[in-house]
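Enquirer: Pasting entry32.txt below, which is compact mmCIF, C-alpha atoms.
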```txt
# COMPACT_ATOMS: atom_id res chain seq x y z
CA MET A 1 164.75 112.70 66.36
CA VAL A 2 166.10 110.45 63.66
CA THR A 3 164.82 110.77 60.10
CA THR A 4 165.37 108.14 57.52
CA GLN A 5 165.68 108.98 53.91
CA THR A 6 165.82 106.61 51.04
CA ALA A 7 168.78 106.92 48.73
CA ALA A 8 166.65 106.80 45.60
CA ARG A 9 164.46 109.78 46.42
CA PRO A 10 165.89 112.60 48.44
CA VAL A 11 163.25 114.77 50.10
CA SER A 12 163.53 118.49 49.60
CA LYS A 13 162.44 121.09 52.13
CA LYS A 14 159.63 122.30 49.84
CA ALA A 15 158.21 118.81 49.48
CA SER A 16 158.27 118.18 53.19
CA ALA A 17 156.56 121.49 53.95
CA ALA A 18 153.63 120.78 51.61
CA PRO A 19 150.64 118.92 53.06
CA VAL A 20 150.51 115.24 52.16
CA LYS A 21 147.42 114.05 50.30
CA LYS A 22 146.02 110.70 51.16
CA THR A 23 144.92 108.87 48.04
CA GLY A 24 143.12 105.93 49.59
CA ALA A 25 141.12 107.73 52.25
CA VAL A 26 137.54 108.81 51.58
CA PRO A 27 136.18 111.72 53.61
CA ALA A 28 133.25 110.82 55.82
CA LYS A 29 129.84 112.05 54.69
CA LYS A 30 127.88 114.39 56.86
CA PRO A 31 124.74 112.86 58.34
CA ALA A 32 121.54 113.89 56.57
CA ALA A 33 119.50 116.63 58.19
CA PRO A 34 116.33 115.37 59.86
CA VAL A 35 113.08 116.00 57.94
CA LYS A 36 111.00 118.70 59.51
CA ALA A 37 107.34 117.97 60.21
CA THR A 38 106.30 121.25 58.56
CA GLN A 39 107.49 120.19 55.08
CA PRO A 40 104.62 119.13 52.81
CA VAL A 41 104.60 115.45 51.95
CA LYS A 42 104.44 114.67 48.21
CA PRO A 43 101.39 112.59 47.32
CA VAL A 44 102.19 109.17 45.94
CA LYS A 45 100.60 108.47 42.57
CA THR A 46 98.42 105.44 42.69
CA THR A 47 97.41 103.58 39.59
CA ALA A 48 94.38 101.43 39.15
CA PRO A 49 95.18 97.74 38.98
CA ALA A 50 95.63 96.51 35.42
CA PRO A 51 92.69 94.49 34.13
CA ASN A 52 93.27 90.84 33.38
CA LYS A 53 94.60 91.01 29.83
CA THR A 54 95.04 87.31 29.18
CA ALA A 55 91.32 86.56 28.94
CA GLY A 56 90.77 89.43 26.49
CA LYS A 57 93.73 88.45 24.32
CA VAL A 58 92.43 84.99 23.64
CA SER A 59 89.01 86.17 22.52
CA ASP A 60 90.49 89.12 20.58
CA LYS A 61 92.83 86.83 18.63
CA ALA A 62 90.02 84.45 17.81
CA SER A 63 87.81 87.26 16.54
CA LYS A 64 90.66 88.80 14.51
CA LYS A 65 91.25 85.49 12.76
CA LYS A 66 87.59 85.36 11.78
CA ASP A 67 87.58 89.00 10.57
CA LYS A 68 90.85 88.78 8.64
CA PRO A 69 90.63 86.96 5.30
CA GLU A 70 93.11 84.17 4.79
CA LYS A 71 96.20 85.30 2.89
CA VAL A 72 96.40 83.81 -0.61
CA LYS A 73 99.77 82.45 -1.71
CA VAL A 74 100.85 83.66 -5.13
CA VAL A 75 102.95 81.81 -7.69
CA ARG A 76 105.23 83.46 -10.19
CA ASP A 77 105.30 81.79 -13.62
CA SER A 78 106.25 82.56 -17.19
CA PHE A 79 104.66 81.38 -20.40
CA THR A 80 104.86 81.83 -24.14
CA ILE A 81 102.09 83.73 -25.92
CA PRO A 82 101.73 84.83 -29.56
CA LYS A 83 102.20 88.54 -30.29
CA THR A 84 98.62 88.86 -31.54
CA GLU A 85 97.18 87.58 -28.26
CA TYR A 86 99.65 89.72 -26.29
CA ALA A 87 98.33 92.72 -28.25
CA GLN A 88 94.81 91.67 -27.27
CA ILE A 89 95.81 92.03 -23.62
CA ALA A 90 96.90 95.61 -24.30
CA ALA A 91 93.62 96.27 -26.14
CA MET A 92 91.61 94.89 -23.19
CA LYS A 93 93.57 97.04 -20.77
CA LYS A 94 92.70 100.09 -22.89
CA ARG A 95 89.05 99.00 -22.97
CA ALA A 96 89.04 98.73 -19.17
CA MET A 97 90.57 102.22 -18.91
CA ASP A 98 87.77 103.59 -21.10
CA LEU A 99 85.31 102.06 -18.64
CA GLY A 100 87.11 103.73 -15.74
CA LEU A 101 88.85 100.57 -14.52
CA GLU A 102 92.57 100.22 -14.07
CA VAL A 103 93.67 96.60 -14.45
CA LYS A 104 96.91 94.69 -14.72
CA LYS A 105 97.75 91.92 -17.18
CA SER A 106 97.56 89.31 -14.46
CA GLU A 107 94.10 90.55 -13.45
CA LEU A 108 92.88 90.20 -17.04
CA ILE A 109 94.18 86.65 -17.24
CA ARG A 110 92.59 85.76 -13.91
CA ALA A 111 89.28 87.26 -15.08
CA GLY A 112 89.48 85.10 -18.21
CA LEU A 113 90.11 82.03 -16.06
CA ALA A 114 87.08 82.91 -13.94
CA LEU A 115 84.92 83.18 -17.07
CA LEU A 116 86.21 79.87 -18.42
CA GLY A 117 85.68 78.22 -15.05
CA GLY A 118 82.03 79.24 -15.07
CA THR A 119 81.22 77.85 -18.52
CA ALA A 120 79.59 74.55 -19.33
CA ASP A 121 81.71 71.66 -20.63
CA ALA A 122 80.62 72.18 -24.26
CA ALA A 123 81.55 75.88 -24.23
CA PHE A 124 84.82 75.09 -22.44
CA ARG A 125 85.72 72.50 -25.08
CA LYS A 126 84.88 74.96 -27.89
CA ALA A 127 87.04 77.72 -26.31
CA LEU A 128 90.01 75.37 -25.97
CA GLY A 129 89.51 74.21 -29.59
CA ASN A 130 89.90 77.81 -30.78
CA VAL A 131 93.34 78.20 -29.15
CA PRO A 132 96.21 76.91 -31.32
CA THR A 133 98.93 74.78 -29.73
CA LEU A 134 102.32 76.47 -29.43
CA LYS A 135 105.85 75.17 -29.27
CA THR A 136 106.95 75.28 -25.64
CA GLY A 137 110.06 77.05 -24.44
CA ARG A 138 111.62 80.39 -25.16
CA PRO A 139 110.99 81.90 -28.59
CA GLY A 140 113.90 82.00 -31.01
CA LYS A 141 115.82 85.19 -31.75
CA ASP A 142 114.51 87.08 -34.80
```
Please express what this file holds, its structure, as structure tokens.
Expert:
Amino acid sequence: MVTTQTAARPVSKKASAAPVKKTGAVPAKKPAAPVKATQPVKPVKTTAPAPNKTAGKVSDKASKKKDKPEKVKVVRDSFTIPKTEYAQIAAMKKRAMDLGLEVKKSELIRAGLALLGGTADAAFRKALGNVPTLKTGRPGKD
């Protein structure tokens, strides 16, 4: 028998005696054992069919829109006010606290607007006549 060896890699006796592993071959799987008739069969969970959700969603959304009040957009603004009138706001806040009400400055101003809005033209004119006109813009540095 003629053996051929490559010049680059001489084969030693130990290497030739060792079993050669095949890297690309995959061992065949054993066939699965047949299922015996005596094994209990697991019950399959059945779920009730889902109700038609699309019809309910339309009526639910319509009713939610009616129940939910429309969101009011707010505007942030700044204005100039005399120190005496600013002190009146603090005094009114204290008065509200004495009555057991906690209010913010903006709520006091809005309440004043509501009162002015409900007055007759003559009373409205008189209230505006009692408010002095101020120079617009930022106050000067003291």
Enquirer: Nearest to Lys104 (chain A) among A:Ala90, A:Lys141, A:Asp67, A:Gly117, with distances taken over all atoms listed in the file: which residue is it?
Expert: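 Of all the options, A:Ala90 lies closest to Lys104 (chain A).
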Enquirer: Have a look at CA of Met97 (chain A) and CA of Glu85 (chain A) and let me know their distance in Å, one decimal.
Expert: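 Taking CA of Met97 (chain A) as the start and CA of Glu85 (chain A) as the end point, the length is 18.6 Å.
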Enquirer: Write out as a PyMOL selection string which residues come within 12 Å of Val131 (chain A) when counting all atoms listed in the file, dropping same-chain ones fewer than 4 positions away.
Expert: chain A and resi 81-82+85+124-127
Enquirer: Just the number, please: distance in Å from CA of Ser78 (chain A) to CA of Glu107 (chain A), one decimal.
Expert: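 Between CA of Ser78 (chain A) and CA of Glu107 (chain A) the gap is 15.0 Å.
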Enquirer: One decimal, Å: what's the distance from CA of Phe79 (chain A) over to CA of Lys94 (chain A), could you say?
Expert: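 Those two atoms sit 22.3 Å apart.
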Enquirer: Report, as lines of an AutoDock Vina configuration file, the centre and edge lengths in Å (one decimal) of the axis-aligned box enclosing every listed atom of region 87-99 of chain A, padded by 4 Å on each side.
Expert:
```
center_x = 91.8
center_y = 97.6
center_z = -23.4
size_x = 21.0
size_y = 19.9
size_z = 17.6
```
Enquirer: Here is a test: counting only C-alpha atoms, which residue of A:Leu116, A:Leu108, A:Val74, A:Leu128 is nearest to Ala96 (chain A)?
Expert: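 Among A:Leu116, A:Leu108, A:Val74, A:Leu128, it is A:Leu108 that comes nearest to Ala96 (chain A).
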